[in-house]
Every structure is written in structure tokens, then in C-alpha cells.
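Colleague: File model35.txt below, compact mmCIF, C-alpha atoms:
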# COMPACT_ATOMS: atom_id res chain seq x y z
CA MET A 1 234.11 16.65 -21.73
CA ARG A 2 235.37 14.47 -18.90
CA LYS A 3 234.34 10.84 -19.17
CA VAL A 4 234.04 8.55 -16.17
CA LYS A 5 236.04 5.37 -16.67
CA PHE A 6 234.10 2.15 -16.07
CA GLY A 7 234.93 -1.50 -15.70
CA ILE A 8 232.50 -4.38 -16.17
CA ILE A 9 232.43 -7.27 -13.70
CA GLY A 10 231.29 -10.42 -15.50
CA THR A 11 230.96 -11.24 -19.20
CA GLY A 12 227.56 -12.91 -19.33
CA ALA A 13 224.84 -12.02 -21.82
CA ILE A 14 223.80 -8.78 -20.09
CA ALA A 15 227.40 -7.52 -20.08
CA THR A 16 227.02 -6.92 -23.80
CA MET A 17 224.23 -4.44 -23.06
CA HIS A 18 226.46 -2.69 -20.52
CA ALA A 19 229.31 -2.44 -23.01
CA GLN A 20 227.09 -1.12 -25.79
CA ALA A 21 225.56 1.44 -23.42
CA LEU A 22 229.01 2.62 -22.33
CA GLN A 23 230.11 2.93 -25.95
CA ASN A 24 227.13 5.18 -26.66
CA SER A 25 227.37 7.30 -23.50
CA ARG A 26 228.35 10.95 -23.72
CA ASN A 27 230.13 11.03 -20.34
CA ALA A 28 231.39 7.48 -19.70
CA GLU A 29 233.74 4.98 -21.30
CA LEU A 30 234.64 1.35 -20.83
CA VAL A 31 238.32 0.70 -20.02
CA ALA A 32 238.45 -2.79 -18.47
CA VAL A 33 236.51 -6.00 -17.97
CA TYR A 34 236.91 -8.66 -15.30
CA ASP A 35 236.08 -12.35 -15.54
CA GLN A 36 237.75 -15.17 -13.67
CA ILE A 37 237.70 -17.28 -16.85
CA THR A 38 240.65 -16.05 -18.91
CA GLU A 39 239.25 -16.96 -22.33
CA ARG A 40 235.95 -15.19 -21.70
CA ALA A 41 237.65 -12.08 -20.34
CA GLN A 42 240.02 -11.88 -23.32
CA GLN A 43 237.31 -12.45 -25.94
CA PHE A 44 235.09 -9.76 -24.42
CA ALA A 45 238.00 -7.34 -24.04
CA GLU A 46 239.11 -7.83 -27.65
CA LYS A 47 235.58 -7.20 -28.90
CA TYR A 48 235.39 -3.84 -27.12
CA ASN A 49 239.10 -2.93 -27.29
CA VAL A 50 239.62 -2.73 -23.52
CA ARG A 51 241.84 -4.41 -20.92
CA ALA A 52 241.05 -7.93 -19.75
CA VAL A 53 241.61 -8.69 -16.06
CA THR A 54 241.29 -12.14 -14.49
CA ASP A 55 242.41 -11.31 -10.93
CA PHE A 56 239.65 -9.58 -8.97
CA GLU A 57 241.95 -7.87 -6.47
CA SER A 58 244.00 -6.41 -9.32
CA PHE A 59 240.83 -5.22 -11.02
CA LEU A 60 239.65 -3.42 -7.86
CA ALA A 61 243.13 -1.94 -7.29
CA ASP A 62 243.11 -0.31 -10.72
CA LYS A 63 242.88 3.42 -9.95
CA GLU A 64 241.85 4.25 -13.51
CA VAL A 65 238.56 2.40 -12.96
CA GLU A 66 236.27 4.85 -11.16
CA ALA A 67 233.02 2.91 -11.44
CA VAL A 68 231.88 -0.61 -12.22
CA THR A 69 228.85 -2.25 -13.70
CA ILE A 70 227.94 -5.67 -12.33
CA ALA A 71 226.85 -8.29 -14.87
CA THR A 72 227.35 -11.54 -12.96
CA PRO A 73 224.62 -14.05 -12.03
CA THR A 74 222.36 -12.47 -9.42
CA GLY A 75 223.49 -14.58 -6.48
CA ILE A 76 227.06 -13.29 -6.91
CA HIS A 77 226.14 -9.58 -6.96
CA GLY A 78 226.85 -8.98 -3.28
CA LYS A 79 230.09 -10.97 -3.38
CA VAL A 80 231.52 -8.56 -5.94
CA ALA A 81 229.60 -5.37 -5.07
CA VAL A 82 230.68 -5.19 -1.42
CA PRO A 83 234.44 -5.47 -2.22
CA ALA A 84 233.97 -2.99 -5.07
CA ALA A 85 232.33 -0.50 -2.72
CA LEU A 86 235.07 -0.97 -0.13
CA ALA A 87 237.60 -0.31 -2.90
CA GLY A 88 235.91 3.02 -3.58
CA LYS A 89 234.22 2.12 -6.87
CA HIS A 90 230.84 3.59 -7.72
CA ILE A 91 228.40 0.86 -8.76
CA LEU A 92 225.71 0.23 -11.35
CA CYS A 93 224.30 -3.21 -10.52
CA GLU A 94 222.14 -5.23 -12.85
CA LYS A 95 218.70 -6.14 -11.51
CA PRO A 96 217.98 -7.49 -8.97
CA LEU A 97 220.59 -6.14 -6.55
CA ASP A 98 220.79 -9.62 -4.98
CA VAL A 99 218.60 -12.59 -4.14
CA THR A 100 217.50 -11.56 -0.60
CA THR A 101 216.88 -8.28 1.19
CA GLY A 102 219.58 -9.22 3.68
CA LYS A 103 222.20 -9.44 0.93
CA VAL A 104 220.87 -6.25 -0.66
CA ASP A 105 221.25 -4.48 2.67
CA GLU A 106 224.88 -5.61 2.88
CA ILE A 107 225.54 -3.90 -0.46
CA ILE A 108 223.72 -0.72 0.58
CA ASP A 109 225.57 -0.62 3.92
CA ALA A 110 228.97 -1.01 2.22
CA CYS A 111 228.23 1.81 -0.22
CA GLN A 112 227.00 4.09 2.55
CA LYS A 113 230.10 3.30 4.63
CA THR A 114 232.50 4.31 1.86
CA GLY A 115 230.40 7.08 0.33
CA VAL A 116 230.19 5.58 -3.14
CA ILE A 117 227.07 5.79 -5.27
CA LEU A 118 224.94 2.67 -5.77
CA MET A 119 222.51 2.54 -8.68
CA SER A 120 220.20 -0.36 -9.50
CA VAL A 121 219.31 -1.15 -13.11
CA PHE A 122 215.60 -0.60 -13.75
CA GLN A 123 215.74 1.11 -17.12
CA SER A 124 212.00 0.89 -17.77
CA ARG A 125 211.40 3.76 -15.35
CA PHE A 126 213.00 6.13 -17.84
CA VAL A 127 210.51 5.47 -20.65
CA LYS A 128 208.59 8.60 -21.69
CA ASN A 129 205.17 6.95 -21.31
CA VAL A 130 205.98 5.80 -17.78
CA GLY A 131 206.74 9.44 -17.01
CA LEU A 132 203.35 10.51 -18.40
CA ILE A 133 201.55 8.04 -16.13
CA LYS A 134 203.61 9.13 -13.12
CA GLN A 135 202.76 12.77 -13.79
CA ALA A 136 199.05 11.95 -14.04
CA ILE A 137 199.18 10.14 -10.69
CA GLU A 138 201.00 13.04 -9.03
CA ALA A 139 198.40 15.43 -10.47
CA ASN A 140 195.65 13.29 -8.84
CA ARG A 141 194.01 12.67 -12.19
CA PHE A 142 193.07 9.12 -11.17
CA GLY A 143 191.17 10.28 -8.10
CA LYS A 144 191.42 7.50 -5.54
CA ILE A 145 193.44 4.66 -7.01
CA VAL A 146 191.57 1.42 -6.30
CA LEU A 147 193.31 -1.22 -8.46
CA ALA A 148 196.93 -1.47 -9.61
CA SER A 149 198.13 -4.63 -11.30
CA ALA A 150 201.04 -6.07 -13.26
CA GLN A 151 201.34 -8.96 -15.71
CA CYS A 152 204.47 -10.48 -17.20
CA LYS A 153 203.31 -13.48 -19.22
CA TRP A 154 206.53 -14.39 -21.01
CA PHE A 155 207.93 -17.56 -22.52
CA ARG A 156 211.27 -19.29 -21.98
CA ASP A 157 211.82 -22.73 -23.48
CA GLN A 158 213.58 -25.55 -21.68
CA LYS A 159 216.82 -24.76 -23.50
CA TYR A 160 216.91 -21.37 -21.77
CA TYR A 161 217.09 -22.97 -18.33
CA ASP A 162 219.45 -25.69 -19.56
CA SER A 163 221.85 -23.13 -21.04
CA ALA A 164 223.56 -22.29 -17.73
CA THR A 165 223.77 -24.19 -14.46
CA TRP A 166 222.86 -21.12 -12.39
CA ARG A 167 219.54 -20.54 -14.15
CA GLY A 168 216.51 -21.65 -12.21
CA THR A 169 218.37 -21.97 -8.90
CA TRP A 170 217.53 -20.23 -5.64
CA ALA A 171 221.18 -19.56 -4.79
CA LEU A 172 222.21 -17.83 -8.02
CA ASP A 173 218.99 -16.87 -9.84
CA GLY A 174 217.16 -15.91 -6.66
CA GLY A 175 213.86 -17.14 -8.03
CA GLY A 176 212.16 -17.75 -11.34
CA ALA A 177 209.50 -15.94 -13.33
CA LEU A 178 209.17 -13.23 -10.67
CA MET A 179 212.76 -12.49 -9.66
CA ASN A 180 214.30 -12.85 -13.10
CA GLN A 181 211.67 -11.88 -15.67
CA SER A 182 208.85 -9.99 -13.91
CA ILE A 183 210.98 -7.79 -11.69
CA HIS A 184 210.99 -4.85 -14.13
CA THR A 185 207.20 -4.86 -14.29
CA ILE A 186 206.95 -5.20 -10.51
CA ASP A 187 209.32 -2.26 -10.10
CA LEU A 188 207.12 -0.15 -12.38
CA LEU A 189 204.09 -1.05 -10.27
CA LEU A 190 205.89 0.11 -7.12
CA TYR A 191 207.26 3.23 -8.82
CA LEU A 192 203.81 4.28 -10.00
CA ASN A 193 201.56 3.26 -7.11
CA GLY A 194 203.86 3.17 -4.11
CA ASP A 195 204.81 0.53 -1.58
CA VAL A 196 202.92 -2.64 -0.77
CA GLU A 197 201.63 -3.25 2.74
CA GLU A 198 200.68 -6.94 2.52
CA VAL A 199 200.81 -9.79 0.02
CA SER A 200 199.36 -13.28 -0.43
CA ALA A 201 200.49 -15.64 -3.18
CA ILE A 202 200.57 -18.99 -4.96
CA THR A 203 203.52 -20.14 -7.08
CA GLY A 204 204.26 -23.30 -9.04
CA THR A 205 206.62 -24.98 -11.48
CA LEU A 206 204.21 -26.02 -14.20
CA SER A 207 206.03 -26.42 -17.52
CA HIS A 208 209.79 -26.74 -17.01
CA THR A 209 211.92 -29.51 -15.57
CA GLY A 210 215.18 -29.51 -13.64
CA ILE A 211 214.67 -26.10 -12.01
CA GLU A 212 214.21 -25.29 -8.33
CA VAL A 213 212.18 -22.12 -8.80
CA GLU A 214 208.74 -21.12 -10.01
CA ASP A 215 207.80 -20.63 -13.63
CA ASN A 216 204.34 -19.31 -12.71
CA ALA A 217 203.18 -17.07 -9.87
CA VAL A 218 200.08 -15.13 -8.87
CA ALA A 219 200.02 -12.64 -5.98
CA ILE A 220 197.31 -10.49 -4.40
CA VAL A 221 198.65 -7.25 -2.98
CA LYS A 222 197.35 -4.49 -0.74
CA PHE A 223 199.14 -1.18 -1.22
CA LYS A 224 199.85 1.35 1.50
CA ASN A 225 197.62 3.83 -0.31
CA GLY A 226 194.68 1.43 0.12
CA ALA A 227 194.57 0.14 -3.45
CA LEU A 228 194.35 -3.57 -4.21
CA GLY A 229 196.08 -5.38 -7.03
CA THR A 230 197.42 -8.54 -8.60
CA ILE A 231 200.79 -9.62 -9.93
CA GLU A 232 201.06 -12.42 -12.51
CA GLY A 233 204.41 -13.72 -13.66
CA SER A 234 205.17 -16.60 -16.00
CA THR A 235 207.79 -18.07 -18.31
CA SER A 236 205.31 -20.64 -19.65
CA CYS A 237 202.99 -18.51 -21.80
CA ALA A 238 203.93 -19.22 -25.42
CA PRO A 239 204.86 -17.40 -27.50
CA GLY A 240 205.29 -14.63 -24.92
CA PHE A 241 203.16 -11.51 -24.51
CA PRO A 242 203.82 -7.83 -23.77
CA ARG A 243 204.21 -7.05 -20.10
CA ARG A 244 201.28 -5.05 -18.81
CA VAL A 245 200.67 -2.47 -16.06
CA GLU A 246 197.18 -1.24 -15.20
CA ILE A 247 196.28 1.66 -12.91
CA SER A 248 192.57 2.31 -12.22
CA GLY A 249 190.96 4.95 -10.05
CA THR A 250 187.64 6.66 -9.37
CA LEU A 251 188.43 9.33 -11.99
CA GLY A 252 190.35 7.42 -14.65
CA SER A 253 192.29 4.40 -15.84
CA VAL A 254 195.49 3.77 -17.80
CA VAL A 255 196.91 0.59 -19.31
CA MET A 256 200.45 0.23 -20.63
CA GLU A 257 201.77 -2.77 -22.58
CA ASP A 258 205.55 -2.89 -22.81
CA ASN A 259 206.23 0.81 -23.35
CA LYS A 260 202.98 1.61 -25.17
CA ILE A 261 199.96 3.31 -23.60
CA ILE A 262 196.95 1.42 -24.97
CA ARG A 263 194.31 3.02 -22.71
CA TRP A 264 194.27 6.59 -21.40
CA GLN A 265 190.79 7.50 -20.17
CA PHE A 266 189.80 10.04 -17.53
CA VAL A 267 186.44 11.38 -16.40
CA ASN A 268 187.72 14.89 -17.00
CA ASP A 269 189.67 15.20 -20.24
CA GLU A 270 192.49 17.72 -20.36
CA PRO A 271 194.39 19.31 -23.25
CA GLY A 272 196.86 16.80 -24.55
CA ASP A 273 194.86 13.69 -23.65
CA GLU A 274 193.74 13.04 -27.21
CA ASP A 275 197.30 13.42 -28.46
CA ILE A 276 198.44 10.81 -25.90
CA ARG A 277 195.71 8.43 -27.04
CA LYS A 278 196.75 8.85 -30.67
CA ASN A 279 200.51 8.83 -30.37
CA CYS A 280 201.63 7.04 -27.21
CA GLY A 281 200.58 3.64 -28.47
CA ILE A 282 203.71 3.81 -30.60
CA GLY A 283 205.95 3.41 -27.55
CA GLU A 284 209.74 3.61 -27.31
CA VAL A 285 212.50 1.06 -27.75
CA ILE A 286 214.31 2.06 -24.55
CA SER A 287 214.05 -1.29 -22.81
CA GLY A 288 212.82 -3.60 -25.54
CA GLY A 289 210.45 -6.49 -25.15
CA GLY A 290 212.04 -9.76 -24.12
CA ALA A 291 208.71 -11.58 -24.04
CA GLY A 292 210.00 -14.56 -25.96
CA ASP A 293 213.72 -13.80 -26.27
CA PRO A 294 215.79 -12.65 -23.27
CA MET A 295 218.17 -10.71 -25.50
CA ALA A 296 215.48 -8.92 -27.52
CA ILE A 297 216.14 -5.74 -25.60
CA SER A 298 217.82 -2.41 -26.27
CA SER A 299 220.86 -0.99 -24.46
CA GLU A 300 219.31 2.49 -24.55
CA GLY A 301 217.87 2.29 -21.04
CA HIS A 302 221.24 1.21 -19.65
CA ARG A 303 222.83 4.20 -21.40
CA VAL A 304 220.41 6.59 -19.70
CA GLN A 305 221.24 5.16 -16.28
CA ILE A 306 224.99 5.10 -16.92
CA GLU A 307 224.91 8.76 -17.95
CA ASP A 308 222.95 9.64 -14.80
CA LEU A 309 225.52 7.84 -12.63
CA ALA A 310 228.44 9.43 -14.48
CA ASP A 311 226.90 12.91 -14.08
CA ALA A 312 226.59 12.34 -10.34
CA ILE A 313 230.24 11.22 -10.12
CA ILE A 314 231.50 14.20 -12.14
CA GLU A 315 229.40 16.71 -10.20
CA GLY A 316 230.16 15.18 -6.80
CA ALA A 317 226.48 14.54 -6.16
CA LYS A 318 225.21 11.83 -3.84
CA GLU A 319 221.82 11.29 -5.46
CA VAL A 320 220.94 9.44 -8.64
CA LYS A 321 217.52 8.86 -10.15
CA LEU A 322 217.41 5.21 -9.09
CA SER A 323 219.35 4.50 -5.92
CA GLY A 324 220.11 1.22 -4.20
CA LEU A 325 217.25 1.88 -1.80
CA GLU A 326 214.89 2.15 -4.76
CA GLY A 327 216.27 -1.07 -6.20
CA ARG A 328 215.64 -2.83 -2.88
CA ARG A 329 211.86 -2.34 -3.04
CA ALA A 330 211.15 -4.88 -5.79
CA VAL A 331 213.45 -7.44 -4.18
CA GLU A 332 211.61 -7.15 -0.86
CA LEU A 333 208.21 -7.51 -2.53
CA ILE A 334 209.27 -10.57 -4.55
CA CYS A 335 210.86 -12.23 -1.52
CA SER A 336 207.65 -11.54 0.41
CA ILE A 337 205.63 -13.17 -2.38
CA TYR A 338 207.84 -16.24 -2.13
CA GLU A 339 207.40 -16.36 1.63
CA ALA A 340 203.62 -16.01 1.33
CA ALA A 341 203.49 -18.82 -1.24
CA ARG A 342 205.72 -21.03 0.89
CA THR A 343 203.79 -20.51 4.15
CA GLY A 344 200.29 -20.10 2.75
CA GLN A 345 199.91 -17.00 4.92
CA PRO A 346 199.75 -13.26 4.15
CA VAL A 347 203.08 -11.44 4.62
CA LYS A 348 203.47 -7.82 5.74
CA LEU A 349 206.36 -5.88 4.25
CA LYS A 350 208.75 -3.98 6.53
CA GLY A 351 210.75 -1.80 4.13
CA ARG A 352 213.94 0.16 4.77
CA THR A 353 214.12 3.94 4.96
CA LYS A 354 217.85 4.69 4.94
Could you spell out this file's structure in C-alpha cells?
Modeller:
Amino acid sequence: MRKVKFGIIGTGAIATMHAQALQNSRNAELVAVYDQITERAQQFAEKYNVRAVTDFESFLADKEVEAVTIATPTGIHGKVAVPAALAGKHILCEKPLDVTTGKVDEIIDACQKTGVILMSVFQSRFVKNVGLIKQAIEANRFGKIVLASAQCKWFRDQKYYDSATWRGTWALDGGGALMNQSIHTIDLLLYLNGDVEEVSAITGTLSHTGIEVEDNAVAIVKFKNGALGTIEGSTSCAPGFPRRVEISGTLGSVVMEDNKIIRWQFVNDEPGDEDIRKNCGIGEVISGGGAGDPMAISSEGHRVQIEDLADAIIEGAKEVKLSGLEGRRAVELICSIYEAARTGQPVKLKGRTK
């Protein structure tokens, strides 16, 4: 079987997940890693038995590297993704794609210009129980959805923010509890219930020092389908709790914590519902928890996305299950929440269609 050859840009903590996922992929393999710091590049390369590159232009000129994964701090994503796209490399970019919709659009435009595939990392979408909820929504089992909410009440101690100078900064982290930690849960909310029309919000830095961004946020959202909802994000809630998504409608309600369905109730039961109630509280370890430890996650979700991207490259397809346009949605919503909190006024979302 042909395997697509990948390179990793950046050797931060999440790069380890990328490398492990590539090692376990059926149709992809890691051949090179780039980092501008020679020692870091060499140590990472030795660990995974690949080439270390410290010159970015040389890395992009390497014809063996067909695709790249981006594992740099968020605020650098566009600075490496755009040149990678222009060099003809297909891209899997760690969440979020970048810190503003404008920078995200620059990445999308570059990929469209050169015809390379752009995939955003949101591995939680590929969890089996998320699929069950999505199917129930598409089958209209909820009736009219009236409330759709997300909670990510996690905990990060002061040492977490002190561990790297880019953490907790607007320029490189792009935000705090929402942009860094809650974005996966926010993406699930959008994936399940559709786009948001308008948002109002309050944010604050309540328990950490020396950071520019919020460690707590609450938003009220109005969806385009008419439903209302709330988003709560925090890195102050010790010891850290499972992220939670709730969907409620006139004919039924579902609650999922992490990857476990803890409530599955509909006015009209169907065959299989009791089995879901009994067995889907077990959940899957495809994306892990991370409530109290940022590295308490699995590389399995990254593997699923890497294999999807590699299949598309091998088959010459243009579509993947989670495109750059899909990855843009959560960034726009979070940036709109920040704007609403900053101005004290509701913000209407504009979106992008192509």
C-alpha cells in the first residue's frame, strides 16, 4: 500500500501526538521534522527515526514531503501554512487554524490557489457517540431544537501558563479558555446544531496572573435554526470536569460528557435507544479528556484525520471530512465572543461560504 510521506512543522507538545498518529496510520508515514531550534529538531527526529531540518526553505523544497502537519503555537500557523501551501504541500493544521478569521482566510486562500488540501484538527467529531447524536438530529428525532449548549470547565494551574512565553497571549495563543481549551467543544456544538447567528458575552481573568487573555467566559448564542444556547469556558475550575454538550428539543434531549452519552431520551423511543442508554455511557478514548492535564489525550483522533487526508491525496480527491472551511467556523464564533465581550454589544456572525 502506498503511504503518503509527511513532515511535521514544530516540535511542541502536540507534535508528539502527530508523530504517534503517523506511526499508527495505515497509509501515512513520518519522514522529516522541522524546527528552527537545532537541538529540539534533532531530539525529536532521533526519537522517531526521521530527518531533522532546521532551515524552513529547505524543508519546503524537499520533494519527498508530500504533506505537513502544523504543530507550532497558534499565532504562527499562518506564517508556516501559507508558504507550505504555496510549496504544494497538503496540510493538516492543529486547532485553531489561526488566531483571527482574517489569518484563517489567508491560509484557505493560499490552499485554494495552489489546489492543495487543507484539513483542520477537530478529532472529537469522529467519536462514535457524536455520530449517533448527529444521526438523530438529521432524522429529526429532537423535533424543534430549542436549546443547545456547551461547557468546558477545565483546570490549568499557574505553572501551565508560566511554562511557555506564548501561552496566554493574544498574538500567539489567540485567546484563553475559549480559543485554546474550549474550541473542541464549541466545534462540536456547531457541528451538531449548525451556525450561530448572534452572540453576546462576558469574559474575565479571574484566577491566573501574568496572562493577557481570559480564563473564564460565558456567552449567550442564537443559532440560525432559531435555537438558543450558552457556552461556558474556564481554566479555573479545579480539578477539571468533563466537557459537556447538551441538545434539547420538543421531542427529545441528549447530553454528552467527554465522549460518553449520559442522557438519551426521546418522546418516541425507537429500536436501539435502550442499547444506547446502556452502552454509550462507556465512551471512547479517541480524543481523551484533558480536563486537568493538557497531555491527557489520545493520538487516535489525529490518526483518523491523517488517514482521511492521506486517502484524499492518494485518490486525488479534493474533499476531506473536515476542511479548512469547517475549521474556520469555531474560530469565527470565538472571535465574535471576544468582540461581544470587549464591546458589551451583541455581534452578528458573517461566515464564509467558499
Colleague: Out of A:Ser58, A:Ser236, A:Asn216, A:Thr101, which residue has the shortest atom-to-atom distance to A:Gly78 when counting all atoms listed in the file?
Modeller: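 The answer is A:Thr101, which sits nearest to A:Gly78.
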Colleague: What lies within 12 Å of A:Tyr34 using only C-alpha atoms, ignoring chain neighbours under 6 positions off, as a PyMOL selection string?
Modeller: chain A and resi 6-12+15+40-45+50-60+62+65+68-72+80
Colleague: When distances are computed from all atoms listed in the file, which of A:Ser207, A:Gly194, A:Ala341, A:His184 shows the smallest separation from A:Ile220?
Modeller: A:Ala341
Colleague: Find the residues around A:Arg125 up to 12 Å (all atoms listed in the file counted), leave out those fewer than 6 positions away in its own chain, and share them as a list in words.
Modeller: Gly131, Leu132, Ile133, Lys134, His184, Thr185, Ile186, Asp187, Leu188, Leu189, Leu190, Tyr191, Leu192, Asp258, Asn259, Ile286, Ser287, Gly301, His302, Val304, Gln305, Lys321, Leu322, Glu326 and Gly327 of chain A
Colleague: Which residues come within 9 Å of A:Ala238, counting all atoms listed in the file, excluding same-chain residues fewer than 5 positions away, as a ChimeraX atom specification?
Modeller: /A:153-157,292
Colleague: From the set A:Val130, A:Cys335, A:Ile117, A:Leu178, which residue has the shortest atom-to-atom contact distance to A:Glu246, counting all atoms listed in the file?
Modeller: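 Counting all atoms listed in the file, the residue closest to A:Glu246 is A:Val130.
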Colleague: Using all atoms listed in the file, determine which residues lie at most 12 Å from A:Asn180, disregarding the query and same-chain residues fewer than 4 positions distant; provide the list as a ChimeraX atom specification.
Modeller: /A:73-75,94-99,152,154,156,161,166-170,172-176,184-186,213-216,233-235,290,294,330-331,334
Colleague: Skipping near chain neighbours, those fewer than 5 positions away, what residues fall within 12 Å of A:Ile313 using only C-alpha atoms, listed as a list in words?
Modeller: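 Skipping anything fewer than 5 positions along the chain leaves Arg2, Lys3, Val4, Lys5, Phe6, Asn27, Ala28, Glu66, Ala67, Gly88, Lys89, His90, Ile91, Leu92, Gly115, Val116, Ile117, Leu118, Met119, Ile306, Glu307, Asp308, Lys318, Glu319 and Val320 of chain A.
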Colleague: If you measure from atom CA of A:Lys348 to atom CA of A:Ala136, what distance in Å do you get, rounded to one decimal?
Modeller: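 Atom-to-atom, atom CA of A:Lys348 to atom CA of A:Ala136, that is 28.3 Å.
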Colleague: Determine the nearest neighbour of A:Val196 from the options A:Thr38, A:Ser336, A:Ser163, A:Gln151, counting all atoms listed in the file.
Modeller: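 Ranking A:Thr38, A:Ser336, A:Ser163, A:Gln151 by distance to A:Val196, first place goes to A:Ser336.
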Colleague: Between A:Leu251, A:Leu206, A:Ile276, A:Ala312, which is the closest to A:Asn140 once you count only C-alpha atoms?
Modeller: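 Ranking A:Leu251, A:Leu206, A:Ile276, A:Ala312 by distance to A:Asn140, first place goes to A:Leu251.
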Colleague: Smallest atom-to-atom distance to A:Ala219: which of A:Ile314, A:Leu147, A:Ile137, A:Ile337, using all atoms listed in the file?
Modeller: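 Ranking A:Ile314, A:Leu147, A:Ile137, A:Ile337 by distance to A:Ala219, first place goes to A:Ile337.
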Colleague: Measure the distance from atom CA of A:Ala21 to atom CA of A:Ile297 in Å and round it to one decimal.
Modeller: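 Those two atoms sit 12.0 Å apart.
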Colleague: Could you jot down the atom CA of A:Gln265 to atom CA of A:Thr250 separation for me, Å, one decimal place?
Modeller: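 Pair atom CA of A:Gln265 / atom CA of A:Thr250 returns 11.3 Å.
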Colleague: Each side padded by 6 Å, which centre and which edge lengths in Å (one decimal) define the axis-aligned box around the listed atoms of stretch 81-87 of chain A? Give them as JSON.
Modeller:
{"center_x": 233.6, "center_y": -2.9, "center_z": -2.6, "size_x": 20.0, "size_y": 17.2, "size_z": 16.9}
